[in-house]
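The next block is structure04.cif, given as mmCIF, C-alpha atoms.
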data_run
#
loop_
_atom_site.label_atom_id
_atom_site.label_comp_id
_atom_site.auth_asym_id
_atom_site.auth_seq_id
_atom_site.Cartn_x
_atom_site.Cartn_y
_atom_site.Cartn_z
CA MET J 274 72.62 -2.83 -54.25
CA HIS J 275 75.58 -2.81 -51.86
CA PRO J 276 76.20 -6.34 -50.50
CA TYR J 277 75.90 -5.11 -46.91
CA LYS J 278 72.54 -3.44 -47.54
CA LYS J 279 71.37 -6.50 -49.47
CA LEU J 280 72.23 -8.73 -46.53
CA ILE J 281 70.26 -6.50 -44.17
CA SER J 282 67.31 -6.45 -46.56
CA LEU J 283 67.31 -10.24 -46.93
CA THR J 284 67.48 -10.59 -43.16
CA LEU J 285 64.55 -8.25 -42.70
CA ILE J 286 62.39 -10.10 -45.20
CA LEU J 287 63.16 -13.42 -43.53
CA LEU J 288 62.19 -11.87 -40.20
CA LEU J 289 58.97 -10.61 -41.77
CA LEU J 290 58.18 -14.07 -43.05
CA ALA J 291 58.87 -15.52 -39.63
CA GLY J 292 56.79 -12.79 -38.03
CA ALA J 293 53.87 -13.53 -40.29
CA ALA J 294 54.06 -17.22 -39.40
CA LEU J 295 54.27 -16.39 -35.68
CA ALA J 296 51.33 -14.03 -35.95
CA ALA J 297 49.28 -16.75 -37.62
CA GLU J 298 49.99 -19.09 -34.70
CA THR J 299 49.30 -16.64 -31.88
CA ILE J 300 46.07 -14.94 -33.04
CA PRO J 301 42.74 -16.33 -34.19
CA GLN J 302 42.73 -17.40 -37.83
CA THR J 303 39.86 -15.01 -38.56
CA GLN J 304 42.31 -12.15 -37.93
CA GLU J 305 45.21 -13.73 -39.80
CA LYS J 306 44.49 -12.00 -43.09
CA GLU J 307 44.28 -8.55 -41.47
CA VAL J 308 47.56 -9.03 -39.60
CA ARG J 309 49.43 -10.20 -42.68
CA GLU J 310 48.07 -7.34 -44.78
CA THR J 311 49.43 -4.98 -42.11
CA ILE J 312 52.84 -6.69 -42.07
CA PHE J 313 53.08 -6.69 -45.86
CA ALA J 314 51.76 -3.23 -46.67
CA SER J 315 53.68 -2.81 -49.94
CA GLY J 316 53.66 -4.98 -53.04
CA GLU J 317 51.46 -7.99 -53.65
CA THR J 318 51.42 -10.98 -51.32
CA LEU J 319 51.29 -14.50 -52.74
CA TYR J 320 50.55 -17.68 -50.80
CA PHE J 321 52.49 -20.63 -52.14
CA TRP J 322 51.45 -24.11 -50.96
CA TYR J 323 53.64 -27.18 -51.01
CA ALA J 324 53.48 -30.59 -49.32
CA ASP J 325 57.12 -31.65 -48.86
CA ASP J 326 59.02 -30.23 -45.89
CA ALA J 327 62.31 -30.77 -47.73
CA LEU J 328 61.44 -27.65 -49.75
CA THR J 329 60.90 -25.33 -46.76
CA ASP J 330 64.30 -23.63 -46.40
CA TYR J 331 64.79 -23.44 -50.15
CA LEU J 332 61.42 -21.78 -50.79
CA THR J 333 61.95 -19.35 -47.93
CA ASN J 334 65.26 -18.23 -49.42
CA VAL J 335 63.90 -17.96 -52.95
CA SER J 336 60.92 -15.97 -51.68
CA ALA J 337 63.31 -13.51 -50.03
CA ALA J 338 65.32 -13.19 -53.24
CA TYR J 339 62.12 -12.58 -55.20
CA TYR J 340 61.13 -9.76 -52.86
CA GLU J 341 64.52 -8.17 -53.47
CA GLU J 342 63.89 -8.20 -57.21
CA SER J 343 60.17 -7.47 -57.44
CA GLY J 344 58.95 -5.97 -54.18
CA ASN J 345 56.30 -8.71 -54.01
CA HIS J 346 56.01 -11.02 -51.02
CA VAL J 347 55.66 -14.80 -51.22
CA ILE J 348 54.60 -16.76 -48.16
CA PRO J 349 55.44 -20.48 -48.49
CA VAL J 350 52.82 -22.60 -46.72
CA LEU J 351 53.60 -26.23 -45.86
CA GLN J 352 50.30 -28.08 -46.21
CA THR J 353 50.61 -31.68 -45.12
CA GLY J 354 47.90 -34.29 -45.23
CA HIS J 355 46.70 -36.99 -47.56
CA GLU J 356 44.00 -34.93 -49.32
CA TYR J 357 46.28 -32.13 -50.51
CA LEU J 358 44.31 -31.16 -53.61
CA GLU J 359 41.04 -31.35 -51.69
CA ALA J 360 42.48 -28.90 -49.14
CA ILE J 361 43.39 -26.54 -51.99
CA ASN J 362 39.87 -26.86 -53.37
CA ASN J 363 38.26 -26.19 -49.99
CA ALA J 364 40.38 -23.11 -49.35
CA SER J 365 39.70 -21.81 -52.86
CA VAL J 366 36.04 -22.67 -53.46
CA HIS J 367 34.46 -23.30 -50.05
CA PRO J 368 36.52 -21.37 -47.50
CA ALA J 369 35.32 -21.45 -43.90
CA GLU J 370 36.12 -18.88 -41.25
CA ASP J 371 39.00 -20.98 -39.98
CA SER J 372 40.27 -21.97 -43.43
CA PRO J 373 43.90 -21.24 -44.28
CA GLN J 374 44.57 -18.54 -46.86
CA MET J 375 43.88 -19.77 -50.39
CA PRO J 376 47.05 -20.55 -52.36
CA ASP J 377 47.75 -18.36 -55.36
CA LEU J 378 50.07 -21.09 -56.64
CA TYR J 379 51.13 -24.51 -55.43
CA VAL J 380 53.27 -27.57 -56.15
CA ILE J 381 51.62 -30.77 -57.36
CA SER J 382 52.59 -33.94 -59.25
CA ASN J 383 51.68 -34.11 -62.92
CA ASP J 384 49.27 -37.06 -62.56
CA SER J 385 46.87 -34.77 -60.64
CA LEU J 386 46.77 -32.02 -63.27
CA GLU J 387 43.60 -33.15 -65.05
CA ARG J 388 41.71 -33.23 -61.78
CA ALA J 389 43.09 -29.80 -60.81
CA TYR J 390 42.31 -28.26 -64.19
CA LEU J 391 38.76 -29.57 -64.40
CA ALA J 392 38.12 -28.23 -60.89
CA GLY J 393 39.31 -24.77 -61.92
CA LEU J 394 42.33 -25.05 -59.63
CA ALA J 395 44.80 -24.93 -62.51
CA THR J 396 44.90 -22.57 -65.44
CA GLN J 397 47.01 -22.11 -68.54
CA ILE J 398 50.32 -20.53 -67.57
CA ALA J 399 51.83 -17.42 -69.10
CA ASP J 400 55.27 -18.96 -69.37
CA GLY J 401 57.17 -15.95 -70.68
CA GLY J 402 58.99 -18.06 -73.23
CA ILE J 403 60.72 -20.51 -70.88
CA CYS J 404 58.55 -23.58 -71.54
CA ASN J 405 60.42 -24.87 -74.56
CA THR J 406 62.86 -27.63 -75.43
CA ASP J 407 65.83 -25.30 -74.95
CA THR J 408 64.96 -25.03 -71.25
CA PHE J 409 63.23 -28.36 -70.51
CA PRO J 410 63.26 -31.88 -71.96
CA GLN J 411 60.12 -32.80 -73.89
CA THR J 412 59.22 -35.19 -71.08
CA ALA J 413 58.84 -32.28 -68.67
CA LEU J 414 56.75 -30.29 -71.14
CA ASP J 415 54.50 -33.28 -71.84
CA ALA J 416 54.09 -33.80 -68.11
CA VAL J 417 52.66 -30.29 -67.59
CA THR J 418 50.52 -30.33 -70.76
CA TYR J 419 46.77 -30.78 -70.61
CA ARG J 420 44.59 -30.44 -73.71
CA GLU J 421 47.54 -28.93 -75.60
CA LYS J 422 48.07 -26.21 -72.99
CA TYR J 423 50.79 -25.82 -70.40
CA VAL J 424 49.01 -25.84 -67.04
CA ALA J 425 52.08 -25.87 -64.78
CA TYR J 426 55.76 -24.97 -64.75
CA PRO J 427 58.03 -28.05 -64.55
CA PHE J 428 59.79 -27.94 -61.17
CA TYR J 429 61.50 -31.22 -60.25
CA TYR J 430 61.19 -34.90 -61.17
CA GLU J 431 61.61 -38.47 -60.02
CA THR J 432 62.56 -41.43 -62.17
CA SER J 433 64.62 -44.61 -61.94
CA ALA J 434 67.95 -45.43 -63.56
CA PHE J 435 70.49 -48.25 -63.71
CA LEU J 436 72.90 -48.38 -60.76
CA TYR J 437 75.94 -50.64 -60.91
CA ASN J 438 79.07 -51.39 -58.90
CA LYS J 439 81.79 -49.94 -61.11
CA THR J 440 84.55 -51.60 -59.09
CA TYR J 441 83.10 -55.07 -59.70
CA MET J 442 82.58 -54.37 -63.41
CA GLU J 443 86.16 -53.17 -63.86
CA GLN J 444 87.53 -56.16 -61.97
CA ALA J 445 85.54 -58.44 -64.27
CA GLU J 446 86.75 -56.44 -67.29
CA ARG J 447 83.19 -56.05 -68.51
CA GLU J 448 81.33 -53.10 -69.98
CA VAL J 449 78.06 -51.82 -68.66
CA PRO J 450 75.22 -54.02 -70.01
CA ARG J 451 73.19 -52.54 -72.85
CA THR J 452 70.37 -55.08 -72.62
CA ILE J 453 68.82 -57.51 -70.18
CA ASP J 454 70.31 -60.24 -72.33
CA ASP J 455 73.75 -58.77 -71.57
CA ILE J 456 72.99 -58.95 -67.85
CA LEU J 457 72.05 -62.60 -68.16
CA ALA J 458 75.25 -63.35 -70.09
CA PHE J 459 77.27 -61.56 -67.42
CA ALA J 460 75.53 -63.54 -64.66
CA ASP J 461 76.36 -66.83 -66.40
CA GLU J 462 80.06 -66.03 -66.69
CA TYR J 463 80.73 -63.91 -63.61
CA ASP J 464 83.17 -65.25 -61.06
CA ALA J 465 81.63 -63.34 -58.17
CA PRO J 466 83.50 -62.32 -55.02
CA GLU J 467 82.44 -64.15 -51.90
CA GLN J 468 80.29 -61.30 -50.57
CA VAL J 469 78.18 -61.00 -53.75
CA GLU J 470 74.77 -62.62 -53.33
CA ALA J 471 73.05 -61.41 -56.52
CA VAL J 472 74.14 -60.03 -59.86
CA PHE J 473 70.91 -58.12 -60.48
CA GLN J 474 68.17 -57.37 -58.00
CA TRP J 475 65.46 -54.72 -57.90
CA VAL J 476 62.13 -54.02 -56.19
CA VAL J 477 59.89 -56.38 -58.13
CA SER J 478 56.84 -55.48 -56.03
CA ASP J 479 56.86 -51.77 -56.95
CA ILE J 480 55.44 -50.71 -60.30
CA PHE J 481 57.64 -47.60 -60.37
CA TYR J 482 60.69 -49.84 -60.85
CA ASN J 483 58.90 -52.43 -63.00
CA TYR J 484 57.15 -50.15 -65.47
CA TYR J 485 60.35 -49.84 -67.46
CA PHE J 486 59.70 -53.32 -68.88
CA THR J 487 56.50 -52.23 -70.67
CA GLY J 488 56.77 -48.43 -70.77
CA ASN J 489 57.80 -48.20 -74.41
CA TYR J 490 54.80 -50.11 -75.73
CA MET J 491 51.99 -49.88 -73.15
CA ILE J 492 50.21 -46.65 -74.07
CA VAL J 493 47.91 -44.97 -71.56
CA GLY J 494 46.86 -41.48 -72.62
CA GLY J 495 49.63 -40.81 -75.14
CA GLU J 496 52.80 -38.81 -74.51
CA ALA J 497 50.99 -36.18 -72.45
CA GLY J 498 48.95 -38.83 -70.63
CA ASP J 499 45.70 -36.90 -71.17
CA ASP J 500 44.06 -38.50 -74.22
CA PRO J 501 41.58 -41.31 -73.46
CA THR J 502 41.53 -42.30 -77.15
CA GLN J 503 45.22 -43.25 -76.98
CA VAL J 504 45.16 -46.44 -74.96
CA ASP J 505 46.91 -49.59 -76.15
CA ILE J 506 47.65 -52.10 -73.43
CA ASP J 507 47.18 -55.53 -74.99
CA ASN J 508 49.60 -55.64 -77.92
CA SER J 509 52.22 -58.10 -79.12
CA GLN J 510 55.23 -56.02 -78.06
CA THR J 511 53.94 -55.51 -74.53
CA LYS J 512 53.26 -59.24 -74.32
CA ALA J 513 56.82 -60.02 -75.47
CA CYS J 514 58.25 -57.61 -72.88
CA LEU J 515 56.27 -59.22 -70.07
CA GLU J 516 57.48 -62.64 -71.13
CA VAL J 517 61.06 -61.39 -70.81
CA TYR J 518 60.16 -60.05 -67.37
CA GLN J 519 58.60 -63.37 -66.32
CA ASN J 520 61.61 -65.36 -67.46
CA LEU J 521 63.89 -63.32 -65.21
CA ASN J 522 62.40 -65.10 -62.22
CA GLN J 523 64.28 -68.19 -63.33
CA TYR J 524 67.61 -66.32 -63.13
CA PHE J 525 67.03 -63.90 -60.27
CA SER J 526 64.77 -65.42 -57.67
CA ILE J 527 63.49 -62.39 -55.78
CA ASP J 528 61.06 -62.71 -52.90
CA THR J 529 58.56 -59.93 -53.53
CA LYS J 530 57.42 -59.99 -49.89
CA GLU J 531 60.91 -59.59 -48.43
CA VAL J 532 62.69 -57.28 -50.85
CA THR J 533 62.11 -53.53 -50.44
CA TYR J 534 63.85 -50.54 -51.92
CA ASP J 535 65.69 -49.88 -48.67
CA THR J 536 66.93 -53.48 -48.40
CA VAL J 537 68.06 -53.51 -52.02
CA LEU J 538 69.96 -50.25 -51.72
CA GLN J 539 71.54 -51.35 -48.44
CA ASP J 540 72.62 -54.65 -50.00
CA PHE J 541 74.17 -52.68 -52.85
CA ILE J 542 76.05 -50.52 -50.34
CA ASP J 543 77.21 -53.69 -48.58
CA GLY J 544 78.60 -55.05 -51.85
CA LYS J 545 76.08 -57.89 -52.04
CA ILE J 546 74.52 -56.75 -55.34
CA VAL J 547 76.28 -55.85 -58.58
CA MET J 548 73.40 -54.09 -60.38
CA THR J 549 70.03 -52.65 -59.43
CA VAL J 550 67.39 -50.05 -60.30
CA ALA J 551 67.47 -46.89 -58.19
CA THR J 552 65.71 -43.55 -57.85
CA THR J 553 67.37 -40.15 -57.44
CA ASP J 554 67.79 -40.44 -53.67
CA ALA J 555 70.39 -43.18 -54.14
CA VAL J 556 73.20 -40.73 -54.89
CA ALA J 557 72.99 -39.00 -51.50
CA ARG J 558 72.82 -42.34 -49.67
CA LEU J 559 75.82 -43.71 -51.55
CA GLU J 560 77.89 -40.58 -51.01
CA GLU J 561 77.09 -40.63 -47.30
CA ALA J 562 78.07 -44.30 -47.10
CA LYS J 563 81.37 -43.54 -48.90
CA GLU J 564 82.09 -40.68 -46.51
CA ASN J 565 81.40 -42.93 -43.51
CA GLY J 566 83.61 -45.68 -44.89
CA ASP J 567 80.67 -48.06 -45.37
CA PHE J 568 80.93 -48.22 -49.17
CA PRO J 569 84.50 -48.97 -50.30
CA TYR J 570 83.58 -49.12 -54.00
CA GLU J 571 83.04 -46.89 -57.00
CA TYR J 572 79.59 -46.83 -58.54
CA GLY J 573 78.02 -45.74 -61.80
CA ILE J 574 74.57 -44.55 -62.86
CA THR J 575 73.38 -44.76 -66.44
CA VAL J 576 70.22 -45.23 -68.48
CA MET J 577 68.31 -48.45 -68.09
CA PRO J 578 69.36 -51.19 -70.53
CA ASP J 579 66.94 -52.31 -73.22
CA LEU J 580 65.30 -55.68 -72.80
CA THR J 581 66.72 -57.24 -75.97
CA ALA J 582 68.19 -56.00 -79.22
CA ASP J 583 64.62 -55.60 -80.52
CA LEU J 584 62.63 -54.67 -77.41
CA LYS J 585 63.24 -51.26 -75.87
CA GLY J 586 62.69 -50.27 -72.25
CA ARG J 587 61.25 -46.98 -71.02
CA SER J 588 61.16 -45.83 -67.41
CA LEU J 589 58.30 -44.09 -65.65
CA SER J 590 58.71 -40.56 -64.34
CA VAL J 591 56.75 -38.15 -62.17
CA THR J 592 57.16 -34.41 -62.62
CA ASN J 593 56.19 -32.01 -59.88
CA GLY J 594 55.00 -28.74 -61.32
CA ILE J 595 54.11 -25.28 -60.07
CA VAL J 596 50.45 -24.57 -60.75
CA ILE J 597 48.73 -21.18 -60.86
CA ASN J 598 45.41 -21.39 -59.00
CA GLY J 599 42.54 -20.49 -61.31
CA TYR J 600 40.72 -18.88 -58.37
CA SER J 601 43.56 -16.49 -57.56
CA GLU J 602 43.17 -12.82 -58.47
CA LYS J 603 46.94 -12.47 -58.58
CA GLY J 604 47.62 -14.74 -61.52
CA GLU J 605 50.06 -12.39 -63.23
CA THR J 606 52.28 -12.07 -60.16
CA ALA J 607 51.95 -15.79 -59.42
CA ASN J 608 53.14 -16.57 -62.95
CA ASP J 609 56.03 -14.18 -62.53
CA PHE J 610 57.20 -15.87 -59.32
CA ALA J 611 56.77 -19.38 -60.75
CA ALA J 612 58.92 -18.43 -63.74
CA PHE J 613 61.46 -16.79 -61.42
CA LEU J 614 61.66 -19.94 -59.31
CA THR J 615 62.07 -22.40 -62.18
CA LYS J 616 64.34 -20.22 -64.31
CA ASN J 617 66.67 -18.48 -61.90
CA HIS J 618 67.07 -20.74 -58.89
CA ALA J 619 67.14 -24.31 -60.19
CA ASP J 620 70.90 -24.48 -59.58
CA LYS J 621 70.35 -24.46 -55.81
CA LEU J 622 67.48 -26.94 -55.72
CA TYR J 623 69.39 -30.22 -55.36
CA GLU J 624 71.93 -29.11 -52.77
CA ASN J 625 69.16 -27.64 -50.59
CA THR J 626 66.38 -30.20 -51.05
CA GLY J 627 67.74 -33.37 -52.67
CA LYS J 628 65.32 -32.83 -55.59
CA ILE J 629 66.60 -32.71 -59.17
CA ALA J 630 65.36 -29.79 -61.28
CA SER J 631 63.39 -30.58 -64.42
CA ARG J 632 65.23 -27.95 -66.44
CA TYR J 633 68.42 -28.14 -68.47
CA GLY J 634 71.61 -26.27 -67.70
CA VAL J 635 71.99 -27.10 -64.02
CA LEU J 636 75.52 -28.01 -62.96
CA TYR J 637 76.01 -30.58 -60.20
CA ASP J 638 79.11 -31.26 -58.12
CA ASN J 639 78.41 -34.98 -58.49
CA ARG J 640 78.12 -36.13 -62.09
CA SER J 641 75.95 -39.07 -61.00
CA VAL J 642 73.09 -36.68 -60.25
CA ALA J 643 73.15 -35.37 -63.80
CA GLU J 644 73.01 -38.93 -65.19
CA PHE J 645 69.38 -39.18 -64.11
CA MET J 646 68.49 -36.46 -66.63
CA ASP J 647 69.39 -38.83 -69.47
CA GLU J 648 66.84 -41.32 -68.16
CA TYR J 649 64.27 -38.59 -67.52
CA GLU J 650 64.57 -37.37 -71.11
CA SER J 651 63.52 -40.75 -72.49
CA SER J 652 60.99 -41.63 -69.77
CA ILE J 653 57.19 -41.65 -69.99
CA SER J 654 55.24 -39.47 -67.57
CA MET J 655 52.60 -40.73 -65.19
CA PRO J 656 49.23 -40.32 -66.98
CA LYS J 657 46.78 -37.62 -65.89
CA LEU J 658 43.58 -39.44 -66.91
CA LEU J 659 41.08 -39.50 -64.07
CA GLY J 660 39.61 -42.73 -65.43
CA ALA J 661 43.00 -44.39 -65.09
CA GLY J 662 43.33 -43.52 -61.42
CA ASN J 663 43.56 -47.13 -60.22
CA PHE J 664 45.49 -48.33 -63.27
CA TRP J 665 48.73 -48.51 -61.29
CA ILE J 666 47.25 -50.75 -58.64
CA GLN J 667 45.84 -53.06 -61.29
CA LEU J 668 49.11 -53.06 -63.22
CA GLU J 669 51.14 -53.79 -60.11
CA VAL J 670 48.91 -56.79 -59.37
CA CYS J 671 49.29 -57.91 -62.98
CA PHE J 672 53.10 -57.74 -62.75
CA SER J 673 53.06 -59.63 -59.46
CA ARG J 674 50.98 -62.47 -60.89
CA ILE J 675 53.13 -62.64 -64.02
CA TRP J 676 56.29 -62.82 -61.91
CA THR J 677 54.94 -65.88 -60.12
CA GLY J 678 54.21 -67.67 -63.39
CA GLU J 679 50.60 -66.92 -64.40
CA ASP J 680 49.72 -66.64 -68.08
CA VAL J 681 50.89 -63.34 -69.59
CA GLU J 682 48.38 -63.21 -72.43
CA THR J 683 45.38 -63.82 -70.17
CA LEU J 684 46.41 -61.25 -67.57
CA LEU J 685 47.22 -58.61 -70.19
CA ARG J 686 43.83 -59.09 -71.84
CA GLU J 687 42.06 -58.79 -68.49
CA LEU J 688 43.93 -55.57 -67.69
CA ALA J 689 43.08 -54.08 -71.09
CA ASP J 690 39.39 -54.96 -70.65
CA GLN J 691 39.29 -53.35 -67.21
CA MET J 692 40.82 -50.11 -68.47
CA ARG J 693 38.56 -50.05 -71.53
CA GLN J 694 35.49 -50.25 -69.31
CA GLN J 695 36.76 -47.54 -66.97
CA LEU J 696 37.69 -45.07 -69.69
CA SER J 697 34.49 -45.56 -71.64
#

Could you rewrite the structure in this file as structure tokens?
Amino acid sequence: MHPYKKLISLTLILLLLAGAALAAETIPQTQEKEVRETIFASGETLYFWYADDALTDYLTNVSAAYYEESGNHVIPVLQTGHEYLEAINNASVHPAEDSPQMPDLYVISNDSLERAYLAGLATQIADGGICNTDTFPQTALDAVTYREKYVAYPFYYETSAFLYNKTYMEQAEREVPRTIDDILAFADEYDAPEQVEAVFQWVVSDIFYNYYFTGNYMIVGGEAGDDPTQVDIDNSQTKACLEVYQNLNQYFSIDTKEVTYDTVLQDFIDGKIVMTVATTDAVARLEEAKENGDFPYEYGITVMPDLTADLKGRSLSVTNGIVINGYSEKGETANDFAAFLTKNHADKLYENTGKIASRYGVLYDNRSVAEFMDEYESSISMPKLLGAGNFWIQLEVCFSRIWTGEDVETLLRELADQMRQQLS
């Protein structure tokens, strides 16, 4: 297609999408379906739900590109609210006269996939050969697996990695620590600049940043997080890891009530912290601070260090996937669009949304963004088990009590007993 004609066509489709949205706002919802069927008279029309406004412009553009290729229309629908999956269920199973149009596909985090699948809101995908380890890390594939079937397309992920002040490390002529023991040795010997208040500080009160200490040995649901027979919480290696964690309070006194992720990252920007644990949003904040002249340092991002030479760490990750609604009658087209989105347009995801694609082969202007993939590859996904729904709250409480000095063995046994009762 001639570039000029393509531009006109893309403009028209964007106007159609805007017109459909305007029509939905200015007429009664009972007439919404009729109006949209009139507007989109050719091709199939898919409704694609998502809950994060950061995706809006990106999804609108990809939907327009998909129309150019397929002739099918995709209407992205931002659905906010705490009970997102419940809203999907209501629109799909118990629609009322004023219900929004049922989604044919939607975005959801991997820990909700068991609930979605058992409710009939997720079905096995027809992946067209892209769900493999050439396209995605095994972590992403495990995240969207339920009962040995892929029930979503991996879309984007969140995990935590090791962030350090490269300027300080080079001035100290030290290499990046490979273990927690290395961090402690560095702290003992470091002749810190006047502005440095802590060698290592992280958000001790948040399990997402703490789980790394036990993630390699605390098993909840297996690699896919969906098998209730694979649960091993109270074991000797997990106990040893938590003892390492508890001992850190002697070196790095962190007030769990005062320290938040925002305060930690700001202190890092201000040069008050040498090392920390950060999520993927840190890169954008650091680059903005450098551009504004508020961060006169170089920084590095790498995989989390192990605990000791013998005890390995493993971070937690959450993968957001694209699910095909089991109640949709347009499953084939929905699968086609989901594959189109994850395969062909992942290279624009980060620059437009700040989200990092789950797939391989994406080039980033900033190498630090790509470093998170190394951590994601070795991470463990959030479990899907419904019976483990409050596990994270219980585990966070357990970590908090261990940090303040309570007995590791007793607390670990109590946690294991609680989970055993829930899952049985």

Applying the PyMOL selection byres ((chain J and resi 526-533) around 9) to the file I just gave you, which residues come out? Please list them as a PDB file with C-alpha atoms, keeping the file's coordinate frame.
ATOM      1  CA  GLN J 474      68.170 -57.370 -58.000  1.00  0.00           C
ATOM      2  CA  TRP J 475      65.460 -54.720 -57.900  1.00  0.00           C
ATOM      3  CA  VAL J 476      62.130 -54.020 -56.190  1.00  0.00           C
ATOM      4  CA  VAL J 477      59.890 -56.380 -58.130  1.00  0.00           C
ATOM      5  CA  SER J 478      56.840 -55.480 -56.030  1.00  0.00           C
ATOM      6  CA  ASP J 479      56.860 -51.770 -56.950  1.00  0.00           C
ATOM      7  CA  LEU J 521      63.890 -63.320 -65.210  1.00  0.00           C
ATOM      8  CA  ASN J 522      62.400 -65.100 -62.220  1.00  0.00           C
ATOM      9  CA  GLN J 523      64.280 -68.190 -63.330  1.00  0.00           C
ATOM     10  CA  TYR J 524      67.610 -66.320 -63.130  1.00  0.00           C
ATOM     11  CA  PHE J 525      67.030 -63.900 -60.270  1.00  0.00           C
ATOM     12  CA  TYR J 534      63.850 -50.540 -51.920  1.00  0.00           C
ATOM     13  CA  ASP J 535      65.690 -49.880 -48.670  1.00  0.00           C
ATOM     14  CA  THR J 536      66.930 -53.480 -48.400  1.00  0.00           C
ATOM     15  CA  VAL J 537      68.060 -53.510 -52.020  1.00  0.00           C
ATOM     16  CA  LEU J 538      69.960 -50.250 -51.720  1.00  0.00           C
ATOM     17  CA  SER J 673      53.060 -59.630 -59.460  1.00  0.00           C
TER      18      SER J 673
END

Original post:
Which residue, J:Thr581, J:Asn663, J:Ser365, J:Asn345, has the smallest gap to Glu317 (chain J) when you use only C-alpha atoms?
Top reply: J:Asn345

Original post:
Could you name the residues that touch Gly316 (chain J) at 12 Å or less, counting all atoms listed in the file, but leaving out those on the same chain fewer than 5 positions away, as a PyMOL selection string?
Top reply: chain J and resi 310-311+339-347+603+606

Subject >> Among the residues J:Ala562, J:Leu414, J:Leu386, J:Ala434, the one that comes closest to Val550 (chain J) [using only C-alpha atoms] >> reply: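 Once distances to Val550 (chain J) are computed over only C-alpha atoms, the minimum belongs to J:Ala434.
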
Subject >> Selection result for the PyMOL selection byres ((chain J and resi 451-459) around 6) on this file, as a ChimeraX atom specification >> reply: /J:450,460-463,578-581

Write the residues you've just listed into a file as a short mmCIF file (atom, residue, chain, number, x, y, z; two decimals), in the coordinates of the input, and include C-alpha atoms for each of them.
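Once written, again.cif looks like this:
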data_model
loop_
_atom_site.label_atom_id
_atom_site.label_comp_id
_atom_site.auth_asym_id
_atom_site.auth_seq_id
_atom_site.Cartn_x
_atom_site.Cartn_y
_atom_site.Cartn_z
CA PRO J 450 75.22 -54.02 -70.01
CA ALA J 460 75.53 -63.54 -64.66
CA ASP J 461 76.36 -66.83 -66.40
CA GLU J 462 80.06 -66.03 -66.69
CA TYR J 463 80.73 -63.91 -63.61
CA PRO J 578 69.36 -51.19 -70.53
CA ASP J 579 66.94 -52.31 -73.22
CA LEU J 580 65.30 -55.68 -72.80
CA THR J 581 66.72 -57.24 -75.97
#

**OP:** Find the residues around region 664-671 of chain J up to 8 Å (all atoms listed in the file counted), leave out those fewer than 6 positions away in its own chain, and share them as number ranges by chain.
**Re:** J: 478-480, 684-685, 688, 692

Original post:
Is there a way to get, as a PyMOL selection string, all residues within 9 Å of the point (58.2, -60.7, -69.1) in file coordinates, counting all atoms listed in the file?
Top reply: chain J and resi 486-487+511-521+672+675-676+681

Subject >> Residue among J:Arg632, J:Asp326, J:Gln691, J:Val591 lying closest to Leu614 (chain J), counting all atoms listed in the file >> reply: J:Arg632

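Between Gln374 (chain J) and the candidates J:Ser601, J:Tyr485, J:Tyr430, J:Asn334, the tightest atom-to-atom separation, counting all atoms listed in the file, involves J:Ser601.
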
**OP:** Kindly indicate which residue among J:Thr329, J:Asn362, J:Thr432, J:Asn593 lies nearest to Val642 (chain J), using all atoms listed in the file for the distances.
**Re:**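 Comparing J:Thr329, J:Asn362, J:Thr432, J:Asn593 against Val642 (chain J), the winner is J:Thr432.
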
**OP:** Report the residues retrieved by the PyMOL selection byres ((chain J and resi 588) around 6) from the displayed file, expressed as a ChimeraX atom specification.
**Re:** /J:485,587,589,652

Subject >> Atom pair CA of Val596 (chain J) / CA of Tyr637 (chain J): separation (Å) >> reply: 26.3 Å

**OP:** Find the residues around Val366 (chain J) up to 12 Å (all atoms listed in the file counted), leave out those fewer than 3 positions away in its own chain, and share them as a VMD selection string.
**Re:** chain J and resid 358 to 363 369 372 374 to 376 392 to 394 598 to 601

**OP:** Identify which of the residues J:Thr333, J:Thr418, J:Ser433, J:Gln444 lies closest to Asp500 (chain J), counting only C-alpha atoms when measuring atom-to-atom distances.
**Re:** J:Thr418

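By chain and then residue number, the residues within 12 Å of Arg640 (chain J) are J:Val556, J:Glu560, J:Tyr572, J:Gly573, J:Ile574, J:Thr575, J:Val635, J:Leu636, J:Glu644, J:Phe645, J:Met646, J:Asp647, counting only C-alpha atoms and disregarding those fewer than 4 positions away in sequence.
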
**OP:** Excluding Gly498 (chain J) and residues on its chain fewer than 6 positions from it, collect all residues at most 8 Å away from it, counting all atoms listed in the file, and give them as a list in words.
**Re:**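 Result of the neighbour search: Asp415, Ala416, Ser654, Met655, Pro656, Lys657 and Leu658 of chain J.
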
Original post:
Any idea what the distance is between CA of Tyr423 (chain J) and CA of Thr408 (chain J)?
Top reply: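 Atom-to-atom, CA of Tyr423 (chain J) to CA of Thr408 (chain J), that is 14.2 Å.
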
Subject >> Interatomic distance (Å, one decimal) between CA of Glu421 (chain J) and CA of Glu648 (chain J) >> reply: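 So the two atoms, CA of Glu421 (chain J) and CA of Glu648 (chain J), lie 24.1 Å apart.
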